[in-house]
file start11.pdb (PDB, C-alpha atoms and all ligand atoms)
ATOM      1  CA  MET H   1      -1.292  10.836  19.217
ATOM      2  CA  LEU H   2      -0.865  10.824  15.441
ATOM      3  CA  SER H   3      -4.475  10.503  14.280
ATOM      4  CA  ARG H   4      -6.344  13.672  13.409
ATOM      5  CA  HIS H   5      -9.249  11.510  12.157
ATOM      6  CA  PRO H   6      -9.408   8.094  13.853
ATOM      7  CA  TYR H   7      -9.092   5.243  11.331
ATOM      8  CA  GLU H   8     -12.357   3.328  10.797
ATOM      9  CA  PRO H   9     -11.864  -0.360   9.899
ATOM     10  CA  PHE H  10     -13.228  -1.836   6.667
ATOM     11  CA  PRO H  11     -15.419  -4.965   6.712
ATOM     12  CA  ASN H  12     -14.098  -8.273   5.374
ATOM     13  CA  VAL H  13     -15.975  -8.835   2.102
ATOM     14  CA  GLU H  14     -14.956 -12.134   0.496
ATOM     15  CA  SER H  15     -16.126 -11.168  -2.988
ATOM     16  CA  ARG H  16     -13.934  -8.048  -2.792
ATOM     17  CA  ASN H  17     -10.971 -10.143  -1.641
ATOM     18  CA  VAL H  18     -11.339 -12.442  -4.658
ATOM     19  CA  LEU H  19     -11.538  -9.450  -6.997
ATOM     20  CA  GLN H  20      -8.472  -7.884  -5.434
ATOM     21  CA  GLU H  21      -6.429 -11.069  -5.641
ATOM     22  CA  CYS H  22      -7.487 -12.206  -9.103
ATOM     23  CA  VAL H  23      -8.177  -8.931 -10.930
ATOM     24  CA  GLU H  24      -6.917  -5.808  -9.164
ATOM     25  CA  VAL H  25      -3.377  -6.842  -8.223
ATOM     26  CA  PRO H  26      -2.608  -8.463 -11.607
ATOM     27  CA  ALA H  27      -3.974  -5.344 -13.338
ATOM     28  CA  VAL H  28      -1.807  -3.041 -11.179
ATOM     29  CA  VAL H  29       1.323  -5.125 -11.768
ATOM     30  CA  ARG H  30       0.816  -5.236 -15.535
ATOM     31  CA  SER H  31      -0.505  -1.734 -16.157
ATOM     32  CA  LEU H  32       2.195  -0.010 -14.076
ATOM     33  CA  LYS H  33       4.878  -2.497 -15.220
ATOM     34  CA  LEU H  34       6.117  -3.319 -11.737
ATOM     35  CA  PRO H  35       9.627  -4.765 -11.704
ATOM     36  CA  VAL H  36      10.520  -8.407 -11.063
ATOM     37  CA  GLY H  37      12.953  -9.298  -8.267
ATOM     38  CA  ALA H  38      12.520  -6.042  -6.326
ATOM     39  CA  ARG H  39      12.249  -5.382  -2.585
ATOM     40  CA  VAL H  40       8.512  -4.829  -2.098
ATOM     41  CA  LEU H  41       6.617  -3.408   0.901
ATOM     42  CA  GLU H  42       2.834  -3.296   1.124
ATOM     43  CA  VAL H  43       1.659  -0.742   3.691
ATOM     44  CA  GLY H  44      -1.720  -1.488   5.271
ATOM     45  CA  CYS H  45      -1.607  -5.092   4.032
ATOM     46  CA  GLY H  46      -4.587  -6.011   6.226
ATOM     47  CA  ARG H  47      -5.532  -9.674   5.823
ATOM     48  CA  GLY H  48      -2.786 -10.061   3.223
ATOM     49  CA  ILE H  49      -5.035 -10.486   0.209
ATOM     50  CA  ALA H  50      -2.607  -8.758  -2.173
ATOM     51  CA  LEU H  51       0.501 -10.570  -0.947
ATOM     52  CA  PRO H  52       0.130 -13.916  -2.811
ATOM     53  CA  PRO H  53      -0.392 -12.297  -6.240
ATOM     54  CA  LEU H  54       2.412  -9.792  -5.556
ATOM     55  CA  SER H  55       4.668 -12.718  -4.652
ATOM     56  CA  GLN H  56       3.678 -14.734  -7.702
ATOM     57  CA  LEU H  57       3.790 -11.939 -10.284
ATOM     58  CA  CYS H  58       6.717  -9.811  -9.023
ATOM     59  CA  ARG H  59       8.850 -12.637  -7.573
ATOM     60  CA  PRO H  60      10.288 -10.109  -5.088
ATOM     61  CA  SER H  61      13.712 -10.569  -3.496
ATOM     62  CA  ARG H  62      12.082  -9.341  -0.285
ATOM     63  CA  LEU H  63       8.354  -9.069   0.418
ATOM     64  CA  VAL H  64       7.054  -7.308   3.538
ATOM     65  CA  GLY H  65       3.468  -6.639   4.616
ATOM     66  CA  LEU H  66       2.934  -3.984   7.273
ATOM     67  CA  ASP H  67      -0.242  -3.227   9.181
ATOM     68  CA  ILE H  68      -1.179  -1.576  12.448
ATOM     69  CA  ASP H  69      -3.745  -4.264  13.346
ATOM     70  CA  GLU H  70      -2.379  -7.394  15.032
ATOM     71  CA  GLU H  71      -5.498  -9.491  14.259
ATOM     72  CA  LEU H  72      -5.358  -8.691  10.562
ATOM     73  CA  LEU H  73      -1.673  -9.576  10.517
ATOM     74  CA  ALA H  74      -2.490 -12.967  12.085
ATOM     75  CA  ALA H  75      -4.998 -13.577   9.285
ATOM     76  CA  ALA H  76      -2.352 -12.493   6.758
ATOM     77  CA  ARG H  77       0.110 -14.963   8.327
ATOM     78  CA  SER H  78      -2.355 -17.866   7.962
ATOM     79  CA  ARG H  79      -3.104 -16.914   4.381
ATOM     80  CA  ALA H  80       0.587 -16.625   3.462
ATOM     81  CA  ASP H  81       1.400 -19.965   5.101
ATOM     82  CA  GLU H  82      -1.511 -21.673   3.309
ATOM     83  CA  ARG H  83      -0.237 -20.320  -0.012
ATOM     84  CA  GLY H  84       3.390 -21.107   0.834
ATOM     85  CA  ILE H  85       4.653 -17.580   0.188
ATOM     86  CA  ASP H  86       7.748 -16.079   1.748
ATOM     87  CA  VAL H  87       6.706 -12.811   3.397
ATOM     88  CA  GLU H  88       7.731 -10.856   6.475
ATOM     89  CA  LEU H  89       4.709  -9.522   8.356
ATOM     90  CA  VAL H  90       5.405  -6.526  10.544
ATOM     91  CA  ARG H  91       3.203  -4.578  12.927
ATOM     92  CA  GLY H  92       3.714  -0.861  12.505
ATOM     93  CA  ASP H  93       2.329   2.534  11.612
ATOM     94  CA  VAL H  94       2.701   3.772   8.039
ATOM     95  CA  ARG H  95       3.522   7.172   9.571
ATOM     96  CA  ALA H  96       6.526   5.784  11.486
ATOM     97  CA  LEU H  97       7.872   2.906   9.396
ATOM     98  CA  PRO H  98      10.215   0.512  11.251
ATOM     99  CA  PHE H  99      12.658   0.206   8.322
ATOM    100  CA  ALA H 100      15.981   1.758   7.398
ATOM    101  CA  ASP H 101      16.247   4.501   4.768
ATOM    102  CA  ARG H 102      16.171   3.215   1.169
ATOM    103  CA  SER H 103      15.271  -0.380   2.081
ATOM    104  CA  PHE H 104      12.667  -0.901  -0.675
ATOM    105  CA  ASP H 105      12.317  -0.569  -4.448
ATOM    106  CA  VAL H 106       8.513  -0.650  -4.457
ATOM    107  CA  VAL H 107       5.975   0.412  -1.827
ATOM    108  CA  VAL H 108       2.374  -0.547  -2.575
ATOM    109  CA  ASP H 109      -0.675   0.943  -0.895
ATOM    110  CA  PHE H 110      -4.249  -0.118  -1.617
ATOM    111  CA  GLY H 111      -5.867   2.891   0.007
ATOM    112  CA  THR H 112      -4.355   3.161   3.483
ATOM    113  CA  CYS H 113      -2.841   6.629   3.030
ATOM    114  CA  TYR H 114      -6.255   7.975   2.038
ATOM    115  CA  HIS H 115      -7.724   6.835   5.332
ATOM    116  CA  VAL H 116      -5.178   7.780   7.990
ATOM    117  CA  GLY H 117      -4.907  11.148   9.688
ATOM    118  CA  HIS H 118      -1.742  13.154   8.920
ATOM    119  CA  ALA H 119      -1.243  11.420   5.571
ATOM    120  CA  GLU H 120       1.717  13.761   4.936
ATOM    121  CA  ARG H 121       3.658  11.791   7.559
ATOM    122  CA  ALA H 122       2.894   8.550   5.728
ATOM    123  CA  LEU H 123       4.133  10.026   2.418
ATOM    124  CA  SER H 124       7.293  11.282   4.110
ATOM    125  CA  GLU H 125       8.008   7.828   5.567
ATOM    126  CA  ILE H 126       7.341   6.109   2.242
ATOM    127  CA  ALA H 127       9.745   8.524   0.494
ATOM    128  CA  ARG H 128      12.368   7.791   3.166
ATOM    129  CA  VAL H 129      12.237   3.975   2.848
ATOM    130  CA  LEU H 130      12.225   4.003  -0.971
ATOM    131  CA  ASP H 131      15.587   3.669  -2.690
ATOM    132  CA  HIS H 132      16.537   6.189  -5.404
ATOM    133  CA  GLY H 133      14.262   5.550  -8.377
ATOM    134  CA  GLY H 134      11.990   3.340  -6.278
ATOM    135  CA  ARG H 135       8.265   3.509  -6.854
ATOM    136  CA  PHE H 136       5.261   4.215  -4.655
ATOM    137  CA  VAL H 137       2.171   2.515  -6.118
ATOM    138  CA  HIS H 138      -1.145   3.884  -4.912
ATOM    139  CA  GLU H 139      -4.805   4.198  -5.780
ATOM    140  CA  THR H 140      -5.952   7.336  -7.593
ATOM    141  CA  PRO H 141      -8.639   9.652  -6.169
ATOM    142  CA  LEU H 142     -11.028   8.226  -8.807
ATOM    143  CA  SER H 143     -10.431   4.720  -7.490
ATOM    144  CA  GLN H 144     -11.161   5.936  -3.963
ATOM    145  CA  ARG H 145     -14.323   7.705  -5.067
ATOM    146  CA  LEU H 146     -15.606   4.575  -6.809
ATOM    147  CA  ALA H 147     -14.737   2.254  -3.928
ATOM    148  CA  HIS H 148     -15.693   4.529  -1.016
ATOM    149  CA  PRO H 149     -17.940   7.339  -2.301
ATOM    150  CA  VAL H 150     -19.038   8.330   1.179
ATOM    151  CA  ARG H 151     -15.871   8.116   3.270
ATOM    152  CA  SER H 152     -13.302   9.058   0.650
ATOM    153  CA  ARG H 153     -11.109  11.950   1.855
ATOM    154  CA  GLY H 154     -10.148  13.253  -1.555
ATOM    155  CA  ARG H 155      -6.534  13.643  -2.604
ATOM    156  CA  LEU H 156      -3.218  12.793  -0.992
ATOM    157  CA  PRO H 157      -1.074  15.758   0.158
ATOM    158  CA  TRP H 158       1.602  15.411  -2.548
ATOM    159  CA  ARG H 159       2.821  18.986  -2.118
ATOM    160  CA  SER H 160       4.140  18.031   1.298
ATOM    161  CA  GLU H 161       6.471  15.405  -0.241
ATOM    162  CA  PRO H 162       8.554  16.718  -3.164
ATOM    163  CA  ARG H 163      10.771  13.588  -3.103
ATOM    164  CA  LEU H 164       7.903  11.630  -4.764
ATOM    165  CA  CYS H 165       7.558  12.626  -8.429
ATOM    166  CA  ARG H 166       4.841  11.704 -10.901
ATOM    167  CA  ASP H 167       5.615   8.501 -12.771
ATOM    168  CA  ARG H 168       3.031   6.250 -14.478
ATOM    169  CA  THR H 169      -0.733   6.291 -14.253
ATOM    170  CA  ALA H 170      -3.366   3.746 -15.244
ATOM    171  CA  VAL H 171      -6.735   5.391 -14.409
ATOM    172  CA  LEU H 172      -7.340   3.633 -11.074
ATOM    173  CA  TRP H 173      -3.708   3.339  -9.950
ATOM    174  CA  SER H 174      -0.640   5.511 -10.242
ATOM    175  CA  SER H 175       2.983   5.399  -9.251
ATOM    176  CA  ARG H 176       5.341   8.083  -7.997
ATOM    177  CA  ARG H 177       9.100   7.738  -8.341
ATOM    178  CA  ALA H 178      11.446   8.513  -5.456
ATOM    179  CA  LEU H 179      14.261  10.982  -6.136
TER     180      LEU H 179
HETATM  181  C1  LIG D 201      -8.000   0.367   3.077
HETATM  182  S1  LIG D 201      -7.516  -1.013   4.106
HETATM  183  C2  LIG D 201      -6.568  -1.924   2.978
HETATM  184  C3  LIG D 201      -6.475  -3.348   3.391
HETATM  185  C4  LIG D 201      -5.935  -4.256   2.275
HETATM  186  N1  LIG D 201      -4.609  -3.834   1.852
HETATM  187  C5  LIG D 201      -6.868  -4.261   1.099
HETATM  188  O1  LIG D 201      -6.497  -3.763   0.027
HETATM  189  O2  LIG D 201      -7.978  -4.776   1.238
HETATM  190  C6  LIG D 201      -6.371  -0.215   5.100
HETATM  191  C7  LIG D 201      -5.494  -1.066   6.011
HETATM  192  O3  LIG D 201      -4.619  -0.175   6.670
HETATM  193  C8  LIG D 201      -4.453  -0.551   8.016
HETATM  194  N2  LIG D 201      -4.092   0.672   8.746
HETATM  195  C9  LIG D 201      -4.910   1.645   9.235
HETATM  196  N3  LIG D 201      -4.187   2.618   9.805
HETATM  197  C10 LIG D 201      -2.885   2.264   9.642
HETATM  198  C11 LIG D 201      -1.656   2.872   9.999
HETATM  199  N4  LIG D 201      -1.627   4.044  10.621
HETATM  200  N5  LIG D 201      -0.521   2.236   9.676
HETATM  201  C12 LIG D 201      -0.528   1.035   9.041
HETATM  202  N6  LIG D 201      -1.659   0.417   8.679
HETATM  203  C13 LIG D 201      -2.824   1.022   8.972
HETATM  204  C14 LIG D 201      -5.771  -1.151   8.419
HETATM  205  O4  LIG D 201      -5.623  -2.014   9.530
HETATM  206  C15 LIG D 201      -6.189  -1.845   7.114
HETATM  207  O5  LIG D 201      -5.739  -3.165   7.105
END
call {"tool": "encode", "arguments": {"input": "start11.pdb", "output": "structure tokens"}}
result
Amino acid sequence: MLSRHPYEPFPNVESRNVLQECVEVPAVVRSLKLPVGARVLEVGCGRGIALPPLSQLCRPSRLVGLDIDEELLAAARSRADERGIDVELVRGDVRALPFADRSFDVVVDFGTCYHVGHAERALSEIARVLDHGGRFVHETPLSQRLAHPVRSRGRLPWRSEPRLCRDRTAVLWSSRRAL
């Protein structure tokens, strides 16, 4: 059993989905200068709201969405098919990623690592699947506080994962670079 704190699902709020698709993802891509043509993994992709704008703006050579929840992945599949985007959707745990070492250039996380138990295992797995110089894009503690003032669990355990080094930051989002 990996969970120290059981994960509590988030409600589906359509207005938040629209904001994420039309404002948040474009802002992350531009402010952190995410590369075009990269191999991109979103961990905790949920209903796949971020996948169409990631596909459109980053034109990835490979795009994968991973989530632990089968129902959310089915919703992500419908959404991706409706939008005609090429994405692999994979069921899995961010703390035990079903991918080979160094298979991605960018891993994106809109909050999942803040809400799973044993987040150090998630960071270790993300560092493992990132290629040298690859980037882990994540929300900052401020972003978490603003979005989830009550259930926010504070900071991520960066000290446990020295392979992820500080890179860029843009107030609400940051990236770490893999050694
Ligand atoms: C904070 S939500 C983010 C959902 C979506 N990416 C968004 O931005 O709206 C976290 C997502 O992580 C998924 N999740 C929870 N625990 C997980 C785990 N251990 N491994 C992978 N995904 C997990 C949940 O099913 C949920 O879809």
call {"tool": "resolve_selection", "arguments": {"input": "start11.pdb", "expression": "the PyMOL selection byres (((chain H and resi 96) around 12) and not hetatm)", "output": "VMD selection string"}}
result
chain H and resid 2 43 66 to 68 91 to 95 97 to 101 118 to 129
call {"tool": "closest_atom_pairs", "arguments": {"input": "start11.pdb", "of": "chain H", "to": "ligand LIG 201 (chain D)", "cutoff": "7 Å", "atoms": "only C-alpha atoms and all ligand atoms", "output": "CSV"}}
result
residue,atom,partner,partner_atom,distance
H:Tyr7,CA,D:LIG201,N3,5.8
H:Pro9,CA,D:LIG201,C14,6.3
H:Phe10,CA,D:LIG201,S1,6.3
H:Asn17,CA,D:LIG201,O2,6.8
H:Val43,CA,D:LIG201,C12,6.0
H:Gly44,CA,D:LIG201,O3,3.5
H:Cys45,CA,D:LIG201,N1,3.9
H:Gly46,CA,D:LIG201,O5,3.2
H:Arg47,CA,D:LIG201,C4,6.5
H:Gly48,CA,D:LIG201,N1,6.6
H:Ile49,CA,D:LIG201,O2,6.5
H:Ala50,CA,D:LIG201,N1,6.7
H:Leu66,CA,D:LIG201,C12,6.3
H:Asp67,CA,D:LIG201,N6,3.9
H:Ile68,CA,D:LIG201,N6,4.3
H:Asp69,CA,D:LIG201,O4,4.8
H:Leu72,CA,D:LIG201,O5,6.5
H:Gly92,CA,D:LIG201,C12,5.8
H:Asp93,CA,D:LIG201,N5,3.5
H:Val94,CA,D:LIG201,N5,3.9
H:Arg95,CA,D:LIG201,N4,6.1
H:Asp109,CA,D:LIG201,N1,6.8
H:Phe110,CA,D:LIG201,O1,4.6
H:Gly111,CA,D:LIG201,C1,4.5
H:Thr112,CA,D:LIG201,C6,4.3
H:His115,CA,D:LIG201,C1,6.9
H:Val116,CA,D:LIG201,N3,5.6
call {"tool": "resolve_selection", "arguments": {"input": "start11.pdb", "expression": "the PyMOL selection byres (((chain H and resi 63) around 7) and not hetatm)", "output": "PyMOL selection string"}}
result
chain H and resi 39-41+60-62+64-65+87-88
call {"tool": "resolve_selection", "arguments": {"input": "start11.pdb", "expression": "the PyMOL selection byres (((chain H and resi 169) around 10) and not hetatm)", "output": "list in words"}}
result
Val28, Ser31, Leu32, Val137, His138, Glu139, Thr140, Arg166, Asp167, Arg168, Ala170, Val171, Leu172, Trp173, Ser174, Ser175 and Arg176 of chain H
call {"tool": "residues_around", "arguments": {"input": "start11.pdb", "residues": "Leu142 (chain H)", "least_positions_apart": "4", "cutoff": "10 Å", "atoms": "only C-alpha atoms", "output": "PyMOL selection string"}}
result
chain H and resi 146-149+152+154-155+171-173
call {"tool": "closest_residue", "arguments": {"input": "start11.pdb", "among": "H:Leu164, H:Leu179, H:Ala75, H:Cys58", "to": "Asn12 (chain H)", "atoms": "only C-alpha atoms"}}
result
H:Ala75
call {"tool": "atom_distance", "arguments": {"input": "start11.pdb", "atom1": "CA of Glu161 (chain H)", "atom2": "CA of Gly117 (chain H)"}}
result
15.7 Å
call {"tool": "axis_aligned_box", "arguments": {"input": "start11.pdb", "around": "region 77-84 of chain H", "padding_each_side": "6 Å", "output": "JSON"}}
result
{"center_x": 0.1, "center_y": -18.3, "center_z": 4.2, "size_x": 18.5, "size_y": 18.7, "size_z": 20.3}
call {"tool": "closest_residue", "arguments": {"input": "start11.pdb", "among": "H:Trp158, H:Leu57, H:Cys165, H:Ala38", "to": "Ser103 (chain H)", "atoms": "all atoms listed in the file"}}
result
H:Ala38
call {"tool": "closest_residue", "arguments": {"input": "start11.pdb", "among": "H:Lys33, H:Gly133, H:Leu156, H:Ser55", "to": "Asp105 (chain H)", "atoms": "all atoms listed in the file"}}
result
H:Gly133
call {"tool": "atom_distance", "arguments": {"input": "start11.pdb", "atom1": "CA of His132 (chain H)", "atom2": "CA of Asp86 (chain H)"}}
result
25.0 Å
call {"tool": "atom_distance", "arguments": {"input": "start11.pdb", "atom1": "CA of Glu24 (chain H)", "atom2": "CA of Asp131 (chain H)"}}
result
25.3 Å
call {"tool": "residues_around", "arguments": {"input": "start11.pdb", "residues": "Gln56 (chain H)", "least_positions_apart": "6", "cutoff": "10 Å", "atoms": "only C-alpha atoms", "output": "list in words"}}
result
Pro26, Val36 and Ile85 of chain H
call {"tool": "closest_residue", "arguments": {"input": "start11.pdb", "among": "H:Leu19, H:Leu51, H:Val13, H:Ala178", "to": "Arg83 (chain H)", "atoms": "only C-alpha atoms"}}
result
H:Leu51
call {"tool": "closest_residue", "arguments": {"input": "start11.pdb", "among": "H:Val106, H:Cys22, H:Val90, H:Leu130", "to": "Pro53 (chain H)", "atoms": "only C-alpha atoms"}}
result
H:Cys22
call {"tool": "closest_residue", "arguments": {"input": "start11.pdb", "among": "H:Pro35, H:Arg177, H:Ala74, H:Arg16", "to": "Arg59 (chain H)", "atoms": "only C-alpha atoms"}}
result
H:Pro35
call {"tool": "decode", "arguments": {"input": "start11.pdb", "residues": "region 78-90 of chain H", "atoms": "all heavy atoms", "output": "compact mmCIF listing (two decimals), in the first residue's frame"}}
result
# COMPACT_ATOMS: atom_id res chain seq x y z
N SER H 78 -12.44 10.25 -24.72
CA SER H 78 -13.52 10.87 -25.51
C SER H 78 -13.12 12.28 -25.91
O SER H 78 -13.32 12.69 -27.06
CB SER H 78 -14.82 10.97 -24.71
OG SER H 78 -15.18 9.74 -24.25
N ARG H 79 -12.58 13.01 -24.96
CA ARG H 79 -12.20 14.40 -25.24
C ARG H 79 -11.13 14.47 -26.32
O ARG H 79 -11.21 15.26 -27.26
CB ARG H 79 -11.68 15.02 -23.94
CG ARG H 79 -11.45 16.50 -24.00
CD ARG H 79 -11.00 17.01 -22.64
NE ARG H 79 -11.05 18.45 -22.63
CZ ARG H 79 -12.10 19.17 -22.30
NH1 ARG H 79 -13.22 18.58 -21.92
NH2 ARG H 79 -12.06 20.48 -22.35
N ALA H 80 -10.11 13.60 -26.21
CA ALA H 80 -9.03 13.60 -27.19
C ALA H 80 -9.55 13.22 -28.57
O ALA H 80 -9.16 13.82 -29.58
CB ALA H 80 -7.93 12.63 -26.75
N ASP H 81 -10.45 12.24 -28.62
CA ASP H 81 -10.99 11.80 -29.92
C ASP H 81 -11.83 12.92 -30.54
O ASP H 81 -11.74 13.18 -31.74
CB ASP H 81 -11.81 10.52 -29.76
CG ASP H 81 -10.92 9.32 -29.44
OD1 ASP H 81 -9.68 9.45 -29.57
OD2 ASP H 81 -11.45 8.27 -29.04
N GLU H 82 -12.64 13.58 -29.70
CA GLU H 82 -13.45 14.71 -30.21
C GLU H 82 -12.56 15.80 -30.82
O GLU H 82 -12.89 16.40 -31.82
CB GLU H 82 -14.23 15.36 -29.06
CG GLU H 82 -15.58 14.74 -28.79
CD GLU H 82 -16.11 15.24 -27.45
OE1 GLU H 82 -15.75 16.35 -27.01
OE2 GLU H 82 -16.90 14.47 -26.84
N ARG H 83 -11.43 16.06 -30.15
CA ARG H 83 -10.53 17.12 -30.62
C ARG H 83 -9.56 16.64 -31.70
O ARG H 83 -8.77 17.42 -32.21
CB ARG H 83 -9.69 17.68 -29.47
CG ARG H 83 -10.48 18.12 -28.26
CD ARG H 83 -11.37 19.31 -28.60
NE ARG H 83 -12.13 19.72 -27.45
CZ ARG H 83 -11.76 20.65 -26.59
NH1 ARG H 83 -10.64 21.30 -26.76
NH2 ARG H 83 -12.52 20.97 -25.56
N GLY H 84 -9.56 15.32 -31.94
CA GLY H 84 -8.67 14.77 -32.97
C GLY H 84 -7.20 14.86 -32.60
O GLY H 84 -6.35 15.07 -33.47
N ILE H 85 -6.88 14.69 -31.30
CA ILE H 85 -5.45 14.76 -30.94
C ILE H 85 -4.88 13.36 -30.73
O ILE H 85 -5.56 12.43 -30.31
CB ILE H 85 -5.18 15.65 -29.71
CG1 ILE H 85 -5.79 15.05 -28.45
CG2 ILE H 85 -5.63 17.07 -29.92
CD1 ILE H 85 -5.13 15.57 -27.21
N ASP H 86 -3.60 13.25 -31.05
CA ASP H 86 -2.90 11.98 -30.98
C ASP H 86 -2.26 11.87 -29.59
O ASP H 86 -1.27 12.54 -29.31
CB ASP H 86 -1.82 11.99 -32.08
CG ASP H 86 -1.09 10.67 -32.15
OD1 ASP H 86 -1.57 9.67 -31.56
OD2 ASP H 86 -0.03 10.64 -32.80
N VAL H 87 -2.86 11.06 -28.72
CA VAL H 87 -2.33 10.92 -27.36
C VAL H 87 -2.49 9.48 -26.89
O VAL H 87 -3.49 8.83 -27.19
CB VAL H 87 -3.05 11.90 -26.38
CG1 VAL H 87 -4.54 11.66 -26.32
CG2 VAL H 87 -2.45 11.84 -24.99
N GLU H 88 -1.46 9.00 -26.20
CA GLU H 88 -1.56 7.69 -25.55
C GLU H 88 -2.09 7.93 -24.14
O GLU H 88 -1.55 8.79 -23.43
CB GLU H 88 -0.17 7.05 -25.42
CG GLU H 88 0.53 6.77 -26.73
CD GLU H 88 2.03 6.55 -26.50
OE1 GLU H 88 2.42 5.81 -25.59
OE2 GLU H 88 2.80 7.16 -27.25
N LEU H 89 -3.12 7.17 -23.75
CA LEU H 89 -3.65 7.32 -22.40
C LEU H 89 -3.36 6.03 -21.64
O LEU H 89 -3.70 4.94 -22.11
CB LEU H 89 -5.14 7.63 -22.44
CG LEU H 89 -5.41 9.03 -23.01
CD1 LEU H 89 -6.87 9.20 -23.39
CD2 LEU H 89 -4.99 10.11 -22.02
N VAL H 90 -2.72 6.17 -20.50
CA VAL H 90 -2.18 5.02 -19.79
C VAL H 90 -2.67 5.05 -18.35
O VAL H 90 -2.59 6.09 -17.69
CB VAL H 90 -0.63 5.08 -19.80
CG1 VAL H 90 -0.03 3.96 -18.98
CG2 VAL H 90 -0.11 5.06 -21.23
